[in-house]
$ cat entry27.tsv   # TSV, C-alpha atoms
chain	number	residue	atom	x	y	z
A	28	MET	CA	-35.63	-47.90	-73.51
A	29	LYS	CA	-38.90	-48.60	-71.73
A	30	PRO	CA	-40.62	-51.88	-72.60
A	31	THR	CA	-43.99	-51.71	-74.34
A	32	ILE	CA	-46.84	-52.10	-71.84
A	33	THR	CA	-49.89	-53.76	-73.38
A	34	ASN	CA	-53.43	-53.37	-72.10
A	35	GLU	CA	-54.33	-57.03	-72.56
A	36	LYS	CA	-52.79	-59.97	-70.66
A	37	LYS	CA	-53.15	-62.41	-73.54
A	38	ALA	CA	-51.79	-65.36	-71.56
A	39	LEU	CA	-54.93	-65.38	-69.39
A	40	HIS	CA	-58.03	-67.35	-70.39
A	41	PRO	CA	-60.18	-65.59	-73.05
A	42	ARG	CA	-63.18	-65.40	-70.69
A	43	ASN	CA	-61.14	-64.14	-67.75
A	44	PRO	CA	-62.49	-60.65	-66.93
A	45	HIS	CA	-59.04	-59.71	-65.57
A	46	ARG	CA	-57.27	-59.90	-68.94
A	47	PHE	CA	-57.03	-56.13	-69.11
A	48	ARG	CA	-55.11	-53.62	-67.03
A	49	TYR	CA	-56.77	-52.71	-63.74
A	50	ASP	CA	-59.19	-49.80	-64.05
A	51	PHE	CA	-58.20	-48.11	-60.83
A	52	ALA	CA	-60.76	-45.31	-61.16
A	53	THR	CA	-63.57	-47.89	-61.18
A	54	LEU	CA	-61.95	-49.95	-58.43
A	55	ILE	CA	-61.43	-46.93	-56.15
A	56	LYS	CA	-65.04	-45.90	-56.72
A	57	ALA	CA	-66.09	-49.39	-55.58
A	58	SER	CA	-63.72	-49.33	-52.61
A	59	PRO	CA	-62.17	-45.97	-51.63
A	60	ALA	CA	-59.84	-47.80	-49.19
A	61	LEU	CA	-57.74	-48.78	-52.22
A	62	LYS	CA	-56.88	-45.17	-53.13
A	63	PRO	CA	-53.91	-44.64	-50.75
A	64	PHE	CA	-52.10	-47.64	-52.27
A	65	VAL	CA	-52.31	-46.49	-55.91
A	66	PHE	CA	-49.42	-44.59	-57.49
A	67	ILE	CA	-47.91	-43.84	-60.92
A	68	ASN	CA	-45.07	-46.28	-61.59
A	69	GLU	CA	-41.95	-45.90	-63.73
A	70	PHE	CA	-43.95	-46.76	-66.87
A	71	ASP	CA	-46.33	-43.85	-66.21
A	72	ILE	CA	-49.26	-46.14	-65.42
A	73	GLU	CA	-51.28	-46.57	-62.25
A	74	SER	CA	-50.29	-49.53	-60.08
A	75	ILE	CA	-49.85	-50.71	-56.49
A	76	ASP	CA	-46.90	-52.19	-54.64
A	77	PHE	CA	-47.56	-55.91	-55.08
A	78	SER	CA	-45.02	-56.70	-52.36
A	79	ASN	CA	-47.21	-54.89	-49.81
A	80	PRO	CA	-49.80	-57.33	-48.41
A	81	GLU	CA	-52.15	-54.54	-47.32
A	82	ALA	CA	-52.12	-53.10	-50.84
A	83	VAL	CA	-52.86	-56.52	-52.38
A	84	LYS	CA	-55.68	-57.10	-49.90
A	85	ALA	CA	-57.19	-53.69	-50.69
A	86	LEU	CA	-56.96	-54.45	-54.43
A	87	ASN	CA	-58.64	-57.84	-53.96
A	88	ASN	CA	-61.43	-56.28	-51.92
A	89	ALA	CA	-62.05	-53.68	-54.63
A	90	ILE	CA	-62.06	-56.33	-57.39
A	91	LEU	CA	-64.50	-58.52	-55.46
A	92	ILE	CA	-66.89	-55.60	-54.92
A	93	SER	CA	-66.60	-54.28	-58.48
A	94	GLU	CA	-66.47	-57.53	-60.48
A	95	TYR	CA	-68.24	-60.05	-58.24
A	96	SER	CA	-70.59	-57.95	-56.04
A	97	ILE	CA	-69.02	-59.39	-52.88
A	98	GLN	CA	-69.24	-57.23	-49.76
A	99	ASN	CA	-67.24	-57.30	-46.52
A	100	TRP	CA	-64.54	-59.64	-47.84
A	101	ASP	CA	-61.57	-59.87	-45.51
A	102	ILE	CA	-58.91	-62.34	-44.41
A	103	PRO	CA	-57.27	-62.67	-40.99
A	104	LYS	CA	-53.71	-61.53	-40.49
A	105	ASN	CA	-51.08	-63.98	-41.78
A	106	TYR	CA	-53.45	-65.75	-44.18
A	107	LEU	CA	-52.87	-66.13	-47.91
A	108	CYS	CA	-54.04	-63.25	-50.08
A	109	PRO	CA	-54.68	-64.85	-53.48
A	110	PRO	CA	-54.03	-63.29	-56.91
A	111	ILE	CA	-57.57	-63.16	-58.27
A	112	PRO	CA	-56.73	-63.22	-62.03
A	113	GLY	CA	-54.86	-66.52	-61.66
A	114	ARG	CA	-57.60	-68.05	-59.52
A	115	ALA	CA	-60.19	-67.02	-62.12
A	116	ASP	CA	-58.14	-68.73	-64.84
A	117	TYR	CA	-58.44	-72.08	-63.05
A	118	ILE	CA	-62.23	-71.73	-62.87
A	119	HIS	CA	-62.58	-70.84	-66.56
A	120	TYR	CA	-60.36	-73.72	-67.69
A	121	LEU	CA	-62.45	-76.05	-65.51
A	122	ALA	CA	-65.55	-74.80	-67.32
A	123	ASP	CA	-63.93	-75.71	-70.66
A	124	LEU	CA	-63.06	-79.17	-69.33
A	125	LEU	CA	-66.68	-79.82	-68.32
A	126	ALA	CA	-67.92	-78.55	-71.69
A	127	GLU	CA	-65.83	-81.12	-73.58
A	128	ASN	CA	-68.19	-83.92	-72.53
A	129	ASN	CA	-71.32	-81.77	-72.67
A	130	ASN	CA	-71.60	-81.05	-76.41
A	131	GLU	CA	-69.17	-78.12	-75.97
A	132	VAL	CA	-71.70	-76.35	-73.74
A	133	ILE	CA	-70.46	-75.12	-70.35
A	134	PRO	CA	-72.78	-76.58	-67.69
A	135	GLN	CA	-74.12	-73.83	-65.49
A	136	GLY	CA	-76.33	-73.50	-62.44
A	137	ASP	CA	-76.55	-74.79	-58.90
A	138	THR	CA	-76.82	-78.46	-59.88
A	139	VAL	CA	-73.15	-78.39	-60.93
A	140	PHE	CA	-71.26	-79.26	-57.74
A	141	GLY	CA	-67.57	-78.65	-57.14
A	142	LEU	CA	-65.37	-79.67	-54.22
A	143	ASP	CA	-62.68	-77.15	-53.21
A	144	ILE	CA	-59.86	-78.86	-51.31
A	145	GLY	CA	-58.08	-76.31	-49.11
A	146	VAL	CA	-60.36	-73.31	-49.55
A	147	GLY	CA	-58.23	-71.21	-47.18
A	148	ALA	CA	-59.62	-68.17	-45.40
A	149	ASN	CA	-60.32	-66.30	-48.66
A	150	CYS	CA	-63.06	-68.52	-50.23
A	151	ILE	CA	-61.93	-67.28	-53.63
A	152	TYR	CA	-62.56	-70.28	-55.90
A	153	PRO	CA	-66.18	-70.80	-54.77
A	154	ILE	CA	-66.85	-67.06	-55.06
A	155	ILE	CA	-65.57	-66.92	-58.65
A	156	GLY	CA	-67.13	-70.26	-59.67
A	157	HIS	CA	-70.54	-69.27	-58.38
A	158	SER	CA	-70.35	-65.76	-59.82
A	159	ALA	CA	-69.20	-66.86	-63.28
A	160	TYR	CA	-71.28	-70.02	-63.74
A	161	GLY	CA	-73.74	-70.32	-60.86
A	162	TRP	CA	-72.01	-73.49	-59.57
A	163	SER	CA	-72.45	-74.86	-56.04
A	164	PHE	CA	-69.49	-75.78	-53.85
A	165	VAL	CA	-68.45	-77.81	-50.87
A	166	ALA	CA	-65.35	-76.05	-49.54
A	167	THR	CA	-63.00	-77.80	-47.12
A	168	ASP	CA	-59.95	-76.98	-45.04
A	169	ILE	CA	-58.13	-78.41	-42.04
A	170	ASP	CA	-57.83	-74.95	-40.47
A	171	GLU	CA	-60.81	-74.04	-38.28
A	172	LYS	CA	-60.01	-70.32	-38.37
A	173	ALA	CA	-59.98	-70.40	-42.18
A	174	ILE	CA	-63.38	-72.11	-42.24
A	175	ASP	CA	-64.76	-69.58	-39.74
A	176	ASN	CA	-63.57	-66.69	-41.90
A	177	CYS	CA	-65.18	-68.18	-45.02
A	178	ALA	CA	-68.40	-68.52	-43.00
A	179	MET	CA	-68.18	-64.81	-42.18
A	180	ILE	CA	-67.77	-63.92	-45.88
A	181	ILE	CA	-70.74	-66.12	-46.81
A	182	ASP	CA	-72.90	-64.66	-44.01
A	183	HIS	CA	-72.32	-61.15	-45.40
A	184	ASN	CA	-73.31	-62.17	-48.95
A	185	PRO	CA	-76.81	-63.69	-49.34
A	186	SER	CA	-76.02	-64.78	-52.92
A	187	LEU	CA	-73.43	-67.23	-51.52
A	188	GLN	CA	-75.48	-68.70	-48.68
A	189	GLU	CA	-77.21	-71.43	-50.70
A	190	ALA	CA	-74.23	-71.93	-53.01
A	191	ILE	CA	-71.34	-72.74	-50.66
A	192	SER	CA	-71.24	-75.22	-47.80
A	193	LEU	CA	-68.19	-75.48	-45.57
A	194	GLN	CA	-66.67	-78.56	-43.99
A	195	GLN	CA	-63.58	-78.84	-41.83
A	196	GLN	CA	-61.33	-81.82	-42.53
A	197	LEU	CA	-60.63	-83.02	-39.00
A	198	ASN	CA	-57.94	-85.55	-39.96
A	199	SER	CA	-54.96	-83.94	-41.71
A	200	ARG	CA	-53.82	-87.36	-42.99
A	201	TYR	CA	-56.72	-87.44	-45.43
A	202	ILE	CA	-58.01	-85.32	-48.29
A	203	PHE	CA	-61.31	-86.84	-49.49
A	204	LYS	CA	-62.03	-89.29	-46.65
A	205	ASP	CA	-64.93	-88.11	-44.43
A	206	ILE	CA	-65.58	-85.29	-46.92
A	207	ILE	CA	-67.05	-87.14	-49.92
A	208	GLN	CA	-70.20	-88.85	-48.66
A	209	PRO	CA	-71.87	-91.87	-50.33
A	210	GLU	CA	-74.66	-89.72	-51.79
A	211	ASP	CA	-72.32	-87.02	-53.20
A	212	ARG	CA	-71.73	-86.46	-56.91
A	213	PHE	CA	-69.17	-83.81	-57.82
A	214	ALA	CA	-68.60	-82.56	-61.36
A	215	PHE	CA	-65.08	-81.64	-60.30
A	216	THR	CA	-62.66	-81.24	-57.45
A	217	LEU	CA	-60.12	-78.41	-57.47
A	218	CYS	CA	-57.09	-77.74	-55.34
A	219	ASN	CA	-54.18	-75.35	-54.98
A	220	PRO	CA	-51.93	-77.70	-52.98
A	221	PRO	CA	-49.33	-76.61	-50.42
A	222	PHE	CA	-46.18	-75.96	-52.42
A	223	HIS	CA	-43.42	-76.44	-49.85
A	224	SER	CA	-42.36	-79.37	-47.67
A	225	SER	CA	-41.39	-77.35	-44.56
A	226	GLU	CA	-41.90	-73.96	-42.89
A	227	GLU	CA	-38.26	-73.07	-43.53
A	228	GLU	CA	-38.63	-73.78	-47.25
A	229	ALA	CA	-41.89	-71.77	-47.31
A	230	ASN	CA	-40.19	-68.77	-45.68
A	231	LYS	CA	-37.36	-68.89	-48.22
A	232	GLY	CA	-39.94	-68.95	-51.01
A	233	THR	CA	-41.75	-65.92	-49.57
A	234	ILE	CA	-38.49	-63.97	-49.26
A	235	ARG	CA	-37.63	-64.82	-52.87
A	236	LYS	CA	-41.06	-63.62	-53.99
A	237	ILE	CA	-40.70	-60.30	-52.15
A	238	ASN	CA	-37.19	-59.73	-53.49
A	239	ASN	CA	-38.41	-60.36	-57.04
A	240	LEU	CA	-41.29	-57.91	-56.60
A	241	GLN	CA	-39.24	-55.20	-54.90
A	242	ASN	CA	-35.93	-55.89	-56.64
A	243	THR	CA	-34.31	-55.84	-53.18
A	244	LYS	CA	-32.53	-58.23	-50.82
A	245	THR	CA	-34.68	-58.70	-47.72
A	246	THR	CA	-34.08	-61.62	-45.35
A	247	LYS	CA	-37.40	-61.60	-43.50
A	248	PRO	CA	-40.72	-62.93	-44.80
A	249	VAL	CA	-43.53	-60.38	-44.68
A	250	LEU	CA	-46.40	-61.26	-42.35
A	251	ASN	CA	-49.69	-61.81	-44.18
A	252	PHE	CA	-47.90	-62.21	-47.51
A	253	GLY	CA	-46.99	-65.87	-47.34
A	254	GLY	CA	-49.92	-67.57	-45.70
A	255	GLN	CA	-50.52	-70.08	-42.93
A	256	ASN	CA	-48.77	-73.44	-42.57
A	257	ALA	CA	-51.56	-75.49	-44.16
A	258	GLU	CA	-51.75	-73.07	-47.09
A	259	LEU	CA	-48.03	-73.12	-47.86
A	260	TRP	CA	-46.45	-76.34	-46.73
A	261	CYS	CA	-47.11	-79.94	-45.76
A	262	GLU	CA	-45.00	-83.04	-45.33
A	263	GLY	CA	-43.87	-84.09	-48.78
A	264	GLY	CA	-44.71	-80.69	-50.29
A	265	GLU	CA	-46.71	-80.36	-53.49
A	266	LEU	CA	-45.75	-83.77	-54.88
A	267	GLY	CA	-46.54	-85.58	-51.62
A	268	PHE	CA	-49.94	-83.91	-51.37
A	269	ILE	CA	-50.94	-84.64	-54.98
A	270	THR	CA	-49.70	-88.25	-54.69
A	271	GLN	CA	-51.93	-88.73	-51.63
A	272	MET	CA	-54.82	-87.11	-53.52
A	273	ALA	CA	-54.35	-89.47	-56.48
A	274	TYR	CA	-54.39	-92.59	-54.31
A	275	GLU	CA	-57.46	-91.41	-52.38
A	276	SER	CA	-59.31	-90.44	-55.55
A	277	ALA	CA	-59.39	-94.10	-56.60
A	278	LYS	CA	-61.86	-94.76	-53.77
A	279	TYR	CA	-64.46	-92.43	-55.34
A	280	PRO	CA	-64.23	-93.27	-59.08
A	281	MET	CA	-67.91	-92.84	-59.92
A	282	GLN	CA	-68.70	-89.97	-57.56
A	283	VAL	CA	-66.45	-87.39	-59.21
A	284	LEU	CA	-66.37	-86.62	-62.93
A	285	TRP	CA	-62.98	-84.87	-62.93
A	286	PHE	CA	-60.41	-84.70	-60.16
A	287	THR	CA	-58.13	-81.69	-60.73
A	288	THR	CA	-55.24	-79.90	-59.08
A	289	LEU	CA	-52.80	-77.12	-59.81
A	290	VAL	CA	-49.22	-78.32	-60.31
A	291	SER	CA	-46.63	-75.57	-59.93
A	292	LYS	CA	-43.50	-77.61	-60.64
A	293	ASN	CA	-43.17	-79.07	-64.11
A	294	SER	CA	-40.65	-81.59	-62.74
A	295	HIS	CA	-43.43	-83.19	-60.64
A	296	LEU	CA	-45.52	-84.20	-63.66
A	297	ALA	CA	-43.76	-87.48	-64.50
A	298	SER	CA	-44.20	-88.80	-60.95
A	299	ILE	CA	-47.86	-87.68	-60.86
A	300	TYR	CA	-48.56	-89.45	-64.17
A	301	ARG	CA	-46.94	-92.66	-62.85
A	302	THR	CA	-49.11	-92.57	-59.72
A	303	LEU	CA	-52.27	-91.97	-61.75
A	304	ALA	CA	-51.38	-94.91	-63.98
A	305	LYS	CA	-50.98	-97.10	-60.88
A	306	VAL	CA	-54.53	-96.29	-59.72
A	307	ASN	CA	-55.90	-97.04	-63.22
A	308	VAL	CA	-57.40	-93.71	-64.21
A	309	ALA	CA	-59.17	-93.73	-67.59
A	310	THR	CA	-57.99	-90.33	-68.85
A	311	ILE	CA	-55.41	-87.71	-67.81
A	312	LYS	CA	-55.41	-84.16	-69.15
A	313	THR	CA	-52.82	-81.45	-68.56
A	314	ILE	CA	-53.94	-77.86	-69.12
A	315	GLU	CA	-51.14	-75.30	-69.36
A	316	MET	CA	-51.68	-71.87	-67.81
A	317	ALA	CA	-49.51	-68.76	-67.83
A	318	GLN	CA	-49.91	-66.34	-64.93
A	319	GLY	CA	-47.66	-63.34	-65.33
A	320	GLN	CA	-44.12	-64.66	-65.75
A	321	LYS	CA	-44.98	-67.90	-63.94
A	322	MET	CA	-46.02	-71.02	-65.80
A	323	SER	CA	-48.43	-73.36	-64.06
A	324	ARG	CA	-50.76	-76.12	-65.11
A	325	ILE	CA	-53.87	-78.05	-64.10
A	326	VAL	CA	-53.67	-81.83	-64.06
A	327	ALA	CA	-57.10	-83.46	-64.39
A	328	TRP	CA	-57.99	-87.13	-64.26
A	329	THR	CA	-61.11	-89.25	-64.43
A	330	PHE	CA	-61.90	-92.92	-63.82
A	331	GLN	CA	-64.90	-92.79	-66.13
A	332	SER	CA	-65.07	-94.03	-69.73
A	333	GLU	CA	-65.96	-91.77	-72.65
A	334	LYS	CA	-69.51	-93.16	-72.55
A	335	GLN	CA	-69.80	-92.50	-68.79
A	336	LEU	CA	-68.39	-88.99	-69.21
A	337	LYS	CA	-70.97	-88.14	-71.87
A	338	SER	CA	-73.86	-89.60	-69.85
A	339	TRP	CA	-73.06	-87.57	-66.69
A	340	LYS	CA	-76.08	-85.49	-65.72
A	341	PHE	CA	-75.18	-82.01	-64.47
$ encode --input "entry27.tsv" --output "structure tokens"
Amino acid sequence: MKPTITNEKKALHPRNPHRFRYDFATLIKASPALKPFVFINEFDIESIDFSNPEAVKALNNAILISEYSIQNWDIPKNYLCPPIPGRADYIHYLADLLAENNNEVIPQGDTVFGLDIGVGANCIYPIIGHSAYGWSFVATDIDEKAIDNCAMIIDHNPSLQEAISLQQQLNSRYIFKDIIQPEDRFAFTLCNPPFHSSEEEANKGTIRKINNLQNTKTTKPVLNFGGQNAELWCEGGELGFITQMAYESAKYPMQVLWFTTLVSKNSHLASIYRTLAKVNVATIKTIEMAQGQKMSRIVAWTFQSEKQLKSWKF
């Protein structure tokens, strides 16, 4: 018996425009290059092969043209191709977080500044954040090629040119150091940290992902599906990266309203909470998110009191 296929992905944020099944007719009209990748699946609905990186890239390009009016979006070979619905969820939950201390009104416009740690080559969080709420971004990465590709995307889209500034982190030991300047005030930081602790572990994760999507048993990671080293792994993996971020955040307590990060592994939460307690944060919030069959969450923390939070000027 075939499972019931619903039109609405109810686990996604209520304001997420990707809650509903892809309208491939509209997407193909926006970007005809998507058409060769679309087929009728076993449930008699249009889909693409999500294990094929070229198909995913073509879908992303069509979504960005159709939903976000972004032209000439591309990523270099071997760089991470992000799932746009999940990335949009993060942005919309961030908007809710900012609204909590702003009389339940989402702050909008270019005076709301966000800091994207590890923007990658795709520039996806700043694109969505600016499109949805008009926010401005500083976007950082340690990878020069990733920064150059984001610059190319911005150059092709005048609407982004005043909204996103790029900065390469030249010292991979640090996250905020040399990025947050004395005059900076960020409403939030966001980050999708490297998940794995080694290249070998990252490759195993990519193979697992492909096997789950294809229901097969491949032993080779697909190029362009997994992403570059800095996108996928770092010493200490996700927990090591977030621990470093927590300790560094304590040096900028009044310059950032909310520090936030995705946390993929639920088992990492207890250690993250202990570290945040050590650096004397005022408030910690954990926002659960469901993306497909995968559960994830945002951990957010602030060093500011309730009074300071409410007096922040966006």
$ closest_atom_pairs --input "entry27.tsv" --of "segment 128-209 of chain A" --to "segment 261-280 of chain A" --cutoff "12 Å" --atoms "all atoms listed in the file" --output "JSON lines"
{"residue": "A:Ile144", "atom": "CA", "partner": "A:Met272", "partner_atom": "CA", "distance": 9.9}
{"residue": "A:Gly145", "atom": "CA", "partner": "A:Phe268", "partner_atom": "CA", "distance": 11.4}
{"residue": "A:Ile169", "atom": "CA", "partner": "A:Cys261", "partner_atom": "CA", "distance": 11.7}
{"residue": "A:Ser199", "atom": "CA", "partner": "A:Cys261", "partner_atom": "CA", "distance": 9.7}
{"residue": "A:Arg200", "atom": "CA", "partner": "A:Gln271", "partner_atom": "CA", "distance": 8.9}
{"residue": "A:Tyr201", "atom": "CA", "partner": "A:Gln271", "partner_atom": "CA", "distance": 7.9}
{"residue": "A:Ile202", "atom": "CA", "partner": "A:Met272", "partner_atom": "CA", "distance": 6.4}
{"residue": "A:Phe203", "atom": "CA", "partner": "A:Glu275", "partner_atom": "CA", "distance": 6.6}
{"residue": "A:Lys204", "atom": "CA", "partner": "A:Glu275", "partner_atom": "CA", "distance": 7.6}
{"residue": "A:Asp205", "atom": "CA", "partner": "A:Glu275", "partner_atom": "CA", "distance": 11.4}
{"residue": "A:Ile206", "atom": "CA", "partner": "A:Tyr279", "partner_atom": "CA", "distance": 11.1}
{"residue": "A:Ile207", "atom": "CA", "partner": "A:Tyr279", "partner_atom": "CA", "distance": 8.0}
{"residue": "A:Gln208", "atom": "CA", "partner": "A:Tyr279", "partner_atom": "CA", "distance": 9.5}
{"residue": "A:Pro209", "atom": "CA", "partner": "A:Tyr279", "partner_atom": "CA", "distance": 9.0}
$ axis_aligned_box --input "entry27.tsv" --around "segment 326-330 of chain A" --padding-each-side "6 Å" --output "lines of an AutoDock Vina configuration file"
center_x = -57.8
center_y = -87.4
center_z = -64.1
size_x = 20.2
size_y = 23.1
size_z = 12.6
$ atom_distance --input "entry27.tsv" --atom1 "atom CA of Leu289 of chain A" --atom2 "atom CA of Cys108 of chain A"
17.0 Å
$ closest_residue --input "entry27.tsv" --among "A:Ser192, A:Ser294, A:Thr313, A:Asn219" --to "Leu107 of chain A" --atoms "only C-alpha atoms"
A:Asn219
$ residues_around --input "entry27.tsv" --residues "Trp100 of chain A" --least-positions-apart "3" --cutoff "7 Å" --atoms "only C-alpha atoms" --output "list in words"
Asn88, Ile97 and Ile180 of chain A
$ residues_near_point --input "entry27.tsv" --point "(-59.0, -43.8, -49.6)" --cutoff "12 Å" --atoms "only C-alpha atoms" --output "PDB file with C-alpha atoms, in the coordinates of the input"
ATOM      1  CA  ALA A  52     -60.760 -45.310 -61.160  1.00  0.00           C
ATOM      2  CA  LEU A  54     -61.950 -49.950 -58.430  1.00  0.00           C
ATOM      3  CA  ILE A  55     -61.430 -46.930 -56.150  1.00  0.00           C
ATOM      4  CA  LYS A  56     -65.040 -45.900 -56.720  1.00  0.00           C
ATOM      5  CA  ALA A  57     -66.090 -49.390 -55.580  1.00  0.00           C
ATOM      6  CA  SER A  58     -63.720 -49.330 -52.610  1.00  0.00           C
ATOM      7  CA  PRO A  59     -62.170 -45.970 -51.630  1.00  0.00           C
ATOM      8  CA  ALA A  60     -59.840 -47.800 -49.190  1.00  0.00           C
ATOM      9  CA  LEU A  61     -57.740 -48.780 -52.220  1.00  0.00           C
ATOM     10  CA  LYS A  62     -56.880 -45.170 -53.130  1.00  0.00           C
ATOM     11  CA  PRO A  63     -53.910 -44.640 -50.750  1.00  0.00           C
ATOM     12  CA  PHE A  64     -52.100 -47.640 -52.270  1.00  0.00           C
ATOM     13  CA  VAL A  65     -52.310 -46.490 -55.910  1.00  0.00           C
ATOM     14  CA  ALA A  82     -52.120 -53.100 -50.840  1.00  0.00           C
ATOM     15  CA  ALA A  85     -57.190 -53.690 -50.690  1.00  0.00           C
ATOM     16  CA  LEU A  86     -56.960 -54.450 -54.430  1.00  0.00           C
ATOM     17  CA  ALA A  89     -62.050 -53.680 -54.630  1.00  0.00           C
TER      18      ALA A  89
END
